[in-house]
Every structure is written in C-alpha cells, then in structure tokens.
Amino acid sequence: MRTLISFAALFLSIALMQLSSGGVGPLDALSGIALNFTNAQIGLLGSAHFLGFFIGCWWAPRLMGAIGHSRSFAAFNALGALGLLMHMLIIDAYAWAIMRMASGLCVAGCYTVVESWLNAKVTNDNRGRTLGMFRIVDMGASLMAQMLISVLAPAHYVSYNILTLFCCAAILPLILTRASPPSVPKAPRLRPMLAWQCSPLAAAGVVVAALSSATFRMVGPLYGQQVGLEVGQIAYFLAVFVLGGALAQYPVGWLADKFDRRKVLIGLSIAAIISCILTALSHDLSTTGVLLTAFFFGLTSFPIYSVSAAHANDFADSSQRVELSAALMFYYAVGAIASPLLASNLIEAFGPPAMFAMIAVGHGLLIIFGLSRMRARPTRGDRTRYVWSPRTSFTIGRLTSSTRDEPPEEHDKK
C-alpha cells in the first residue's frame with residue numbers, strides 16, 4: 001500500500017493518458033467510416049500513430065535532458081490534446097494522420113517520463129510489486145479505453161473533446177505531486193542490429209507481435225464494421241482481445257521459464273493461426289462466439305512480444321539490456337507502422353477475412369523461422385527470468401533489467 005501511495009500520482013497520470021490515447025484509435029476508425037474515408041486511409045491513421053510513437057521514443061529522453069521530467073510530460077500531453085482537438089476542425093484523412101502522429105508522440109513521451117521516474121525511485125525490494133501495479137494500471141486503463149467507443153459518437157465534437165479532457169487531466173497529478181523528480185538518465189543508444197545479433201528469432205517475433213496487435217487494435221473496428229458488428233459490440237471485440245492478452249502472461253511466462261522458449265513461440269504461433277481462422281469465420285457465429293474468438297486471439301498472440309524479449313535477453317549480458325529493449329521496440333515499431341496500412345488495403349481488395357489471413361501468414365513464417373533457428377544453435381541453459389515486457393518506451397528496459405537477473409525464488413517473494 002505504501003508503494004501504491006508513493007507512486008499514485010504517476011499511476012493516475014498514466015491511466016488518464018491511456019484513456020485518452022487508447023480511445024482515439026478505435027474512435028478514429030469508426031469516425032473515418034462515418035466520414036467515408038477509404039479503408040487505406042483508415043489504415044494510414046493507425047500507421048501514423050506508430051510512426052509518431054517511434055519518433056517520440058527516440059526524442060523523449062533528449063527532451064527530458066533539456067527541460068526535465070514534469071515539463072516534458074506537460075509538453076507531450078499538450079501535443080496529444082492539440083491533435084485531438086483539431087480532428088473535427090479539419091475533416092481530411094491525411095490531416096488526421098498528422099494529428100495521429102501527435103497522439104503517438106504523446107504516448108511515447110508520457111511513458112518515457114513515467115518509466116524513467118519509476119526506475120529512479122524503485123528499489124530492488126519493491127521493484128516487482130511496482131512493476132505489477134504499473135501493469136495493472138496500464139492494462140486496466142487500456143481495457144476501459146476500448147469500452148469508451150461504445151458511448152462516444154463517431155465523428156462528433158463532443159467525443160473528441162471528452163478524450164481531450166482525459167489528456168489534459170493527465171497533466172495534473174504528475175505536475176502537482178510533491179515528490180521531487182529524479183535526475184535525467186542517459187538516453188539509450190538505438191542499435192537495431194543488437195537484437196538481431198542476440199537473437200534473430202526474437203527480432204522476427206516482435207515484428208510478428210506488431211503484425212498481430214497493431215493490426216487488430218487499429219484496423220479491428222473496420223473489420224468489425226464490415227462483418228456486421230454494432231459499435232457496442234466492436235468495443236467488446238477490442239476489449240476482450242486486451243483481456244485475453246493480459247490473462248495469458250502468467251501461464252505463458254511459466255511455460256517460457258520451464259521449456260525452450262523457441263518451442264513456446266512456435267506453439268503460440270500455431271495457436272494464433274488457429275485463432276485467426278476461427279476469428280475470420282466468426283461473423284457467422286453469435287455475438288458471444290465472436291467475442292470468444294477475439295479473446296482466444298489475444299490469449300495466443302499478445303504474449304509473443306514478451307517471450308521474444310525473454311529469449312533475446314538470454315543471449316545478452318546485463319550491460320546490454322537497456323539497449324536491447326530499445327532495439328526490440330524498433331523492430332516492433334517497424335511492424336506496427338507497416339501492418340495497419342497493409343491490412344486495410346487487403347480488406348479493401350479481398351474482404352474482411354484477408355486481415356486475419358495476413359496475420360496467419362506472418363505467424364506461419366515465424367514457425368518456419370523458429371524451426372530453422374532450433375537447428376542453428378542450442379538454447380541457453382542459464383536463462384533469464386521471463387518478464388512481461390510492455391511496449392511503452394525505450395526506457396522500459398531499465399525497469400525490467402534487474403528483474404530478469406533475479407532467481408525465481410527471490411522474485412516470487414516480492
């Protein structure tokens with residue numbers, strides 16, 4: 001409880017920011033449909049978000065070094081609020097793409113500030129509990145954000161104003177906290193080849209994780225609309241995906257610590273392909289059947305990033321963990337930028353099931369590559385601990401690096 005209270009301002013700020021940024025993706029997709037944007041333009045909005053996110057991940061540590069944590073957080077939130085407010089002033093898909101870049105910058109910048117602050121304040125005694133609470137707050141707010149679209153009217157001033165209110169409110173807890181901000185850490189170098197050198201399979205795995213998650217969250221509303229789901233049903237469709245992914249982390253983490261992580265990745269991809277087939281056919285099912293298939297898809301595809309990150313860390317030393325985390329997020333960003341635009345064009349050309357066919361092909365290629373890597377070299381005997389790795393900022397590697405090196409029995413006491 002003392003840990004929760006000490007970080008309450010940071011957690012509240014990130015929850016409010018997540019409500020805003022997590023809601024704008026599905027709202028933009030539904031608004032684009034209402035405004036007769038093409039499928040490709042709707043996909044472009046999702047891709048633009050992740051382009052802004054990647055730029056923000058690289059820029060945020062440098063801005064913190066220049067003006068500090070609190071002012072950086074306020075600046076990134078201001079960018080996000082401006083992007084939201086301008087939506088209904090300029091009705092143009094390409095202008096909206098620029099606004100979504102601002103939203104992506106906001107997300108990356110705010111997470112960088114909060115995770116840097118948390119890393120400076122946690123100790124080895126409370127690191128595990130703090131990370132656990134951070135994940136609960138983050139995932140809980142993400143679930144609520146998906147549900148917001150059931151009450152926000154597409155292409156309406158009030159809807160975007162409500163999201164803007166959340167974005168502006170996120171500034172207050174962190175700015176008004178009495179806790180003194182920590183010193184600014186050195187920004188990690190971005191070395192994409194480090195991830196490939198440690199584990200080519202891990203680099204491929206995070207790309208496929210982006211192919212699954214970014215596509216579903218950004219283009220999922222378009223898919224849902226075209227298979228006949230109502231707005232409220234689309235909200236549940238997106239939310240159960242996130243819920244399935246959150247619930248999968250603990251059993252998958254146990255498997256990844258006990259068995260060869262490459263086999264776990266291959267098994268997850270096989271299950272993800274099955275879930276893609278079931279989800280693509282779910283428009284013939286009842287609403288409950290549709291939601292169950294989306295839940296199963298989240299259950300099988302969401303943990304792939306964390307398993308890939310754990311496998312890469314098995315082949316890195318402790319001094320490389322922060323830069324490895326940044327490198328893995330680079331590969332995730334590449335996949336997340338490309339996949340929504342590709343998926344929306346496939347839906348335009350071949351219909352809604354093409355989105356899940358694309359994801360299934362990605363997982364099929366990961367299975368083939370995983371089998372080839374198992375023949376290339378043996379797995380490590382002295383492995384790191386599995387850690388649920390949020391895809392939030394380049395600095396998340398600092399928060400999780402110490403936890404990875406802890407023996408299981410010590411970590412479980414925290």
# chains A, B, ... in the order shown; residues from 1 in each chain; ligands from 1
call {"tool": "closest_atom_pairs", "arguments": {"of": "stretch 242-293 of chain A", "to": "stretch 307-318 of chain A", "cutoff": "8 Å", "atoms": "only C-alpha atoms", "output": "CSV"}}
result
residue,atom,partner,partner_atom,distance
A:Gly253,CA,A:Val307,CA,7.5
A:Ala256,CA,A:Val307,CA,6.7
A:Arg261,CA,A:His311,CA,6.3
A:Arg262,CA,A:His311,CA,7.7
A:Val264,CA,A:Val307,CA,7.8
A:Leu265,CA,A:Val307,CA,6.9
call {"tool": "residues_around", "arguments": {"residues": "A:Val206", "least_positions_apart": "5", "cutoff": "7 Å", "atoms": "only C-alpha atoms", "output": "number ranges by chain"}}
result
A: 305, 308, 328, 331-332
call {"tool": "write_last_selection", "arguments": {"atoms": "all heavy atoms", "output": "tab-separated table (two decimals), in the first residue's frame"}}
result
chain	number	residue	atom	x	y	z
A	305	TYR	N	5.42	-10.99	-27.85
A	305	TYR	CA	6.47	-9.97	-27.66
A	305	TYR	C	7.30	-10.28	-26.41
A	305	TYR	O	8.54	-10.25	-26.46
A	305	TYR	CB	5.83	-8.58	-27.53
A	305	TYR	CG	6.86	-7.47	-27.41
A	305	TYR	CD1	7.29	-6.78	-28.53
A	305	TYR	CD2	7.42	-7.12	-26.18
A	305	TYR	CE1	8.24	-5.77	-28.43
A	305	TYR	CE2	8.36	-6.12	-26.06
A	305	TYR	CZ	8.77	-5.45	-27.20
A	305	TYR	OH	9.72	-4.46	-27.09
A	308	SER	N	9.54	-13.32	-26.88
A	308	SER	CA	10.65	-12.95	-27.77
A	308	SER	C	11.69	-12.14	-27.02
A	308	SER	O	12.90	-12.36	-27.16
A	308	SER	CB	10.12	-12.16	-28.97
A	308	SER	OG	9.21	-12.92	-29.73
A	328	LEU	N	14.59	-3.97	-29.65
A	328	LEU	CA	13.40	-4.77	-29.88
A	328	LEU	C	12.19	-3.89	-30.18
A	328	LEU	O	11.37	-4.21	-31.05
A	328	LEU	CB	13.11	-5.65	-28.66
A	328	LEU	CG	14.09	-6.81	-28.42
A	328	LEU	CD1	13.83	-7.46	-27.07
A	328	LEU	CD2	14.00	-7.85	-29.53
A	331	TYR	N	12.14	-2.85	-33.82
A	331	TYR	CA	11.54	-3.84	-34.72
A	331	TYR	C	10.03	-3.88	-34.57
A	331	TYR	O	9.30	-4.05	-35.56
A	331	TYR	CB	12.14	-5.23	-34.45
A	331	TYR	CG	13.55	-5.38	-34.99
A	331	TYR	CD1	14.65	-5.26	-34.15
A	331	TYR	CD2	13.78	-5.63	-36.33
A	331	TYR	CE1	15.94	-5.39	-34.64
A	331	TYR	CE2	15.06	-5.77	-36.83
A	331	TYR	CZ	16.15	-5.64	-35.98
A	331	TYR	OH	17.42	-5.77	-36.46
A	332	TYR	N	9.55	-3.73	-33.33
A	332	TYR	CA	8.10	-3.70	-33.13
A	332	TYR	C	7.50	-2.49	-33.86
A	332	TYR	O	6.44	-2.61	-34.50
A	332	TYR	CB	7.78	-3.61	-31.63
A	332	TYR	CG	6.29	-3.61	-31.35
A	332	TYR	CD1	5.58	-4.79	-31.25
A	332	TYR	CD2	5.60	-2.41	-31.20
A	332	TYR	CE1	4.22	-4.80	-31.00
A	332	TYR	CE2	4.23	-2.41	-30.96
A	332	TYR	CZ	3.55	-3.61	-30.86
A	332	TYR	OH	2.20	-3.59	-30.63
call {"tool": "residues_around", "arguments": {"residues": "stretch 267-281 of chain A", "least_positions_apart": "2", "cutoff": "7 Å", "atoms": "only C-alpha atoms", "output": "number ranges by chain"}}
result
A: 263-265, 283-284, 290, 293-294, 296-297, 300-301, 353, 356, 360, 363, 367
call {"tool": "select_by_dssp", "arguments": {"residues": "stretch 117-277 of chain A", "states": "alpha helix (DSSP H)", "output": "PyMOL selection string"}}
result
chain A and resi 117-121+127-148+157-169+171-176+192-198+200-226+231-258+261-277
call {"tool": "closest_residue", "arguments": {"among": "A:Thr130, A:Ser72, A:Thr164, A:Gln226", "to": "A:Phe11", "atoms": "only C-alpha atoms"}}
result
A:Thr130
call {"tool": "closest_residue", "arguments": {"among": "A:Trp58, A:Gly22, A:Ala34, A:Met355", "to": "A:Leu341", "atoms": "only C-alpha atoms"}}
result
A:Met355
call {"tool": "closest_residue", "arguments": {"among": "A:Pro200, A:Pro154, A:Gly52, A:Pro192", "to": "A:Leu35", "atoms": "only C-alpha atoms"}}
result
A:Pro154
call {"tool": "residues_around", "arguments": {"residues": "stretch 88-98 of chain A", "least_positions_apart": "4", "cutoff": "9 Å", "atoms": "only C-alpha atoms", "output": "PyMOL selection string"}}
result
chain A and resi 28+32+35+37-38+41-42+44-49+52+83-84+102-103+155-157+160
call {"tool": "write_last_selection", "arguments": {"atoms": "N, CA, C and O atoms", "output": "CSV table (one decimal), in the first residue's frame"}}
result
chain,number,residue,atom,x,y,z
A,28,ASP,N,-11.2,6.9,-34.1
A,28,ASP,CA,-10.8,7.4,-35.4
A,28,ASP,C,-11.2,6.5,-36.5
A,28,ASP,O,-11.7,6.9,-37.6
A,32,GLY,N,-13.8,7.6,-39.3
A,32,GLY,CA,-13.4,7.5,-40.7
A,32,GLY,C,-14.4,6.8,-41.5
A,32,GLY,O,-14.7,7.2,-42.7
A,35,LEU,N,-17.3,9.1,-42.0
A,35,LEU,CA,-16.9,10.2,-42.9
A,35,LEU,C,-16.5,9.8,-44.3
A,35,LEU,O,-16.0,10.6,-45.1
A,37,PHE,N,-14.1,7.8,-45.3
A,37,PHE,CA,-12.7,7.6,-45.6
A,37,PHE,C,-12.5,6.3,-46.3
A,37,PHE,O,-13.3,5.3,-46.0
A,38,THR,N,-11.6,6.1,-47.1
A,38,THR,CA,-11.3,4.8,-47.7
A,38,THR,C,-10.7,3.9,-46.7
A,38,THR,O,-10.1,4.3,-45.6
A,41,GLN,N,-7.1,4.8,-46.1
A,41,GLN,CA,-6.9,6.0,-45.3
A,41,GLN,C,-7.1,5.7,-43.8
A,41,GLN,O,-6.4,6.2,-43.0
A,42,ILE,N,-8.0,4.8,-43.5
A,42,ILE,CA,-8.2,4.4,-42.1
A,42,ILE,C,-7.0,3.6,-41.6
A,42,ILE,O,-6.5,3.8,-40.5
A,44,LEU,N,-4.0,4.1,-42.7
A,44,LEU,CA,-2.9,5.1,-42.6
A,44,LEU,C,-2.9,5.8,-41.2
A,44,LEU,O,-1.9,6.1,-40.7
A,45,LEU,N,-4.1,6.0,-40.7
A,45,LEU,CA,-4.2,6.6,-39.4
A,45,LEU,C,-3.5,5.8,-38.3
A,45,LEU,O,-2.8,6.3,-37.4
A,46,GLY,N,-3.7,4.4,-38.3
A,46,GLY,CA,-3.0,3.6,-37.4
A,46,GLY,C,-1.5,3.6,-37.6
A,46,GLY,O,-0.8,3.6,-36.6
A,47,SER,N,-1.1,3.5,-38.8
A,47,SER,CA,0.3,3.6,-39.1
A,47,SER,C,1.0,4.9,-38.7
A,47,SER,O,2.1,4.9,-38.1
A,48,ALA,N,0.2,6.0,-38.9
A,48,ALA,CA,0.8,7.3,-38.5
A,48,ALA,C,0.9,7.3,-36.9
A,48,ALA,O,1.9,8.0,-36.5
A,49,HIS,N,0.0,6.7,-36.2
A,49,HIS,CA,0.2,6.7,-34.7
A,49,HIS,C,1.5,6.1,-34.3
A,49,HIS,O,2.2,6.6,-33.5
A,52,GLY,N,4.5,8.2,-35.1
A,52,GLY,CA,4.7,9.2,-34.1
A,52,GLY,C,5.2,8.6,-32.8
A,52,GLY,O,6.1,9.2,-32.1
A,83,GLY,N,-3.7,17.5,-31.1
A,83,GLY,CA,-4.1,16.5,-32.1
A,83,GLY,C,-5.5,16.1,-32.0
A,83,GLY,O,-6.2,16.0,-33.0
A,84,LEU,N,-6.0,15.9,-30.8
A,84,LEU,CA,-7.4,15.5,-30.6
A,84,LEU,C,-8.4,16.7,-30.9
A,84,LEU,O,-9.4,16.4,-31.6
A,102,ALA,N,0.8,13.1,-33.7
A,102,ALA,CA,0.9,13.8,-32.4
A,102,ALA,C,0.5,13.0,-31.2
A,102,ALA,O,1.1,13.0,-30.1
A,103,SER,N,-0.6,12.2,-31.4
A,103,SER,CA,-1.0,11.3,-30.4
A,103,SER,C,0.0,10.2,-30.1
A,103,SER,O,0.3,9.9,-28.9
A,155,ALA,N,-17.2,10.7,-35.2
A,155,ALA,CA,-17.2,12.0,-36.0
A,155,ALA,C,-18.0,13.1,-35.3
A,155,ALA,O,-18.8,13.8,-35.9
A,156,HIS,N,-17.8,13.2,-34.0
A,156,HIS,CA,-18.6,14.2,-33.2
A,156,HIS,C,-17.6,15.0,-32.4
A,156,HIS,O,-16.7,14.5,-31.7
A,157,TYR,N,-17.9,16.3,-32.3
A,157,TYR,CA,-17.0,17.2,-31.5
A,157,TYR,C,-16.9,16.7,-30.0
A,157,TYR,O,-15.8,16.7,-29.4
A,160,TYR,N,-14.4,13.8,-29.2
A,160,TYR,CA,-13.0,14.1,-29.2
A,160,TYR,C,-12.7,15.1,-28.0
A,160,TYR,O,-11.6,15.1,-27.5
call {"tool": "decode", "arguments": {"residues": "stretch 197-227 of chain A", "atoms": "N, CA and C atoms", "output": "PDB file, in the first residue's frame"}}
result
ATOM      1  N   GLN A 197      21.689  -9.588 -33.489  1.00  0.00           N
ATOM      2  CA  GLN A 197      22.894 -10.318 -33.073  1.00  0.00           C
ATOM      3  C   GLN A 197      22.602 -11.234 -31.886  1.00  0.00           C
ATOM      4  N   CYS A 198      21.781 -10.784 -30.956  1.00  0.00           N
ATOM      5  CA  CYS A 198      21.444 -11.621 -29.797  1.00  0.00           C
ATOM      6  C   CYS A 198      20.522 -12.766 -30.197  1.00  0.00           C
ATOM      7  N   SER A 199      19.502 -12.459 -30.983  1.00  0.00           N
ATOM      8  CA  SER A 199      18.546 -13.496 -31.386  1.00  0.00           C
ATOM      9  C   SER A 199      17.768 -13.053 -32.615  1.00  0.00           C
ATOM     10  N   PRO A 200      18.097 -13.577 -33.787  1.00  0.00           N
ATOM     11  CA  PRO A 200      17.292 -13.269 -34.979  1.00  0.00           C
ATOM     12  C   PRO A 200      15.829 -13.667 -34.806  1.00  0.00           C
ATOM     13  N   LEU A 201      15.572 -14.760 -34.078  1.00  0.00           N
ATOM     14  CA  LEU A 201      14.201 -15.196 -33.871  1.00  0.00           C
ATOM     15  C   LEU A 201      13.425 -14.192 -33.025  1.00  0.00           C
ATOM     16  N   ALA A 202      14.071 -13.624 -32.014  1.00  0.00           N
ATOM     17  CA  ALA A 202      13.397 -12.628 -31.180  1.00  0.00           C
ATOM     18  C   ALA A 202      13.039 -11.392 -31.991  1.00  0.00           C
ATOM     19  N   ALA A 203      13.957 -10.945 -32.859  1.00  0.00           N
ATOM     20  CA  ALA A 203      13.670  -9.787 -33.708  1.00  0.00           C
ATOM     21  C   ALA A 203      12.480 -10.066 -34.620  1.00  0.00           C
ATOM     22  N   ALA A 204      12.448 -11.266 -35.207  1.00  0.00           N
ATOM     23  CA  ALA A 204      11.314 -11.637 -36.054  1.00  0.00           C
ATOM     24  C   ALA A 204      10.042 -11.765 -35.226  1.00  0.00           C
ATOM     25  N   GLY A 205      10.167 -12.263 -34.004  1.00  0.00           N
ATOM     26  CA  GLY A 205       8.997 -12.449 -33.147  1.00  0.00           C
ATOM     27  C   GLY A 205       8.311 -11.141 -32.800  1.00  0.00           C
ATOM     28  N   VAL A 206       9.085 -10.087 -32.513  1.00  0.00           N
ATOM     29  CA  VAL A 206       8.449  -8.817 -32.152  1.00  0.00           C
ATOM     30  C   VAL A 206       7.798  -8.160 -33.373  1.00  0.00           C
ATOM     31  N   VAL A 207       8.342  -8.405 -34.568  1.00  0.00           N
ATOM     32  CA  VAL A 207       7.689  -7.911 -35.778  1.00  0.00           C
ATOM     33  C   VAL A 207       6.327  -8.583 -35.947  1.00  0.00           C
ATOM     34  N   VAL A 208       6.280  -9.902 -35.731  1.00  0.00           N
ATOM     35  CA  VAL A 208       5.015 -10.628 -35.848  1.00  0.00           C
ATOM     36  C   VAL A 208       4.056 -10.212 -34.729  1.00  0.00           C
ATOM     37  N   ALA A 209       4.587  -9.922 -33.532  1.00  0.00           N
ATOM     38  CA  ALA A 209       3.743  -9.414 -32.449  1.00  0.00           C
ATOM     39  C   ALA A 209       3.089  -8.095 -32.857  1.00  0.00           C
ATOM     40  N   ALA A 210       3.842  -7.236 -33.536  1.00  0.00           N
ATOM     41  CA  ALA A 210       3.283  -5.973 -34.027  1.00  0.00           C
ATOM     42  C   ALA A 210       2.252  -6.227 -35.116  1.00  0.00           C
ATOM     43  N   LEU A 211       2.557  -7.178 -35.984  1.00  0.00           N
ATOM     44  CA  LEU A 211       1.622  -7.533 -37.050  1.00  0.00           C
ATOM     45  C   LEU A 211       0.270  -7.935 -36.466  1.00  0.00           C
ATOM     46  N   SER A 212       0.284  -8.642 -35.343  1.00  0.00           N
ATOM     47  CA  SER A 212      -0.955  -9.095 -34.711  1.00  0.00           C
ATOM     48  C   SER A 212      -1.629  -7.972 -33.941  1.00  0.00           C
ATOM     49  N   SER A 213      -0.899  -7.374 -32.997  1.00  0.00           N
ATOM     50  CA  SER A 213      -1.505  -6.431 -32.064  1.00  0.00           C
ATOM     51  C   SER A 213      -1.878  -5.111 -32.720  1.00  0.00           C
ATOM     52  N   ALA A 214      -0.943  -4.520 -33.465  1.00  0.00           N
ATOM     53  CA  ALA A 214      -1.211  -3.218 -34.072  1.00  0.00           C
ATOM     54  C   ALA A 214      -2.333  -3.307 -35.098  1.00  0.00           C
ATOM     55  N   THR A 215      -2.342  -4.386 -35.861  1.00  0.00           N
ATOM     56  CA  THR A 215      -3.398  -4.558 -36.854  1.00  0.00           C
ATOM     57  C   THR A 215      -4.752  -4.697 -36.182  1.00  0.00           C
ATOM     58  N   PHE A 216      -4.830  -5.542 -35.163  1.00  0.00           N
ATOM     59  CA  PHE A 216      -6.119  -5.783 -34.514  1.00  0.00           C
ATOM     60  C   PHE A 216      -6.641  -4.507 -33.860  1.00  0.00           C
ATOM     61  N   ARG A 217      -5.783  -3.776 -33.161  1.00  0.00           N
ATOM     62  CA  ARG A 217      -6.250  -2.623 -32.406  1.00  0.00           C
ATOM     63  C   ARG A 217      -6.555  -1.428 -33.301  1.00  0.00           C
ATOM     64  N   MET A 218      -5.852  -1.284 -34.413  1.00  0.00           N
ATOM     65  CA  MET A 218      -6.057  -0.120 -35.269  1.00  0.00           C
ATOM     66  C   MET A 218      -7.049  -0.377 -36.406  1.00  0.00           C
ATOM     67  N   VAL A 219      -7.091  -1.596 -36.915  1.00  0.00           N
ATOM     68  CA  VAL A 219      -7.968  -1.917 -38.043  1.00  0.00           C
ATOM     69  C   VAL A 219      -9.134  -2.794 -37.597  1.00  0.00           C
ATOM     70  N   GLY A 220      -9.086  -3.292 -36.358  1.00  0.00           N
ATOM     71  CA  GLY A 220     -10.162  -4.120 -35.841  1.00  0.00           C
ATOM     72  C   GLY A 220     -11.545  -3.492 -35.949  1.00  0.00           C
ATOM     73  N   PRO A 221     -11.688  -2.171 -35.646  1.00  0.00           N
ATOM     74  CA  PRO A 221     -13.024  -1.567 -35.810  1.00  0.00           C
ATOM     75  C   PRO A 221     -13.524  -1.629 -37.254  1.00  0.00           C
ATOM     76  N   LEU A 222     -12.623  -1.446 -38.217  1.00  0.00           N
ATOM     77  CA  LEU A 222     -13.012  -1.548 -39.624  1.00  0.00           C
ATOM     78  C   LEU A 222     -13.468  -2.971 -39.948  1.00  0.00           C
ATOM     79  N   TYR A 223     -12.714  -3.954 -39.465  1.00  0.00           N
ATOM     80  CA  TYR A 223     -13.095  -5.357 -39.653  1.00  0.00           C
ATOM     81  C   TYR A 223     -14.460  -5.615 -39.027  1.00  0.00           C
ATOM     82  N   GLY A 224     -14.640  -5.166 -37.781  1.00  0.00           N
ATOM     83  CA  GLY A 224     -15.895  -5.401 -37.088  1.00  0.00           C
ATOM     84  C   GLY A 224     -17.087  -4.788 -37.799  1.00  0.00           C
ATOM     85  N   GLN A 225     -16.902  -3.573 -38.309  1.00  0.00           N
ATOM     86  CA  GLN A 225     -17.997  -2.917 -39.019  1.00  0.00           C
ATOM     87  C   GLN A 225     -18.371  -3.671 -40.287  1.00  0.00           C
ATOM     88  N   GLN A 226     -17.362  -4.199 -40.972  1.00  0.00           N
ATOM     89  CA  GLN A 226     -17.636  -4.871 -42.241  1.00  0.00           C
ATOM     90  C   GLN A 226     -18.215  -6.266 -42.066  1.00  0.00           C
ATOM     91  N   VAL A 227     -18.055  -6.856 -40.874  1.00  0.00           N
ATOM     92  CA  VAL A 227     -18.689  -8.167 -40.641  1.00  0.00           C
ATOM     93  C   VAL A 227     -20.011  -8.015 -39.893  1.00  0.00           C
TER      94      VAL A 227
END
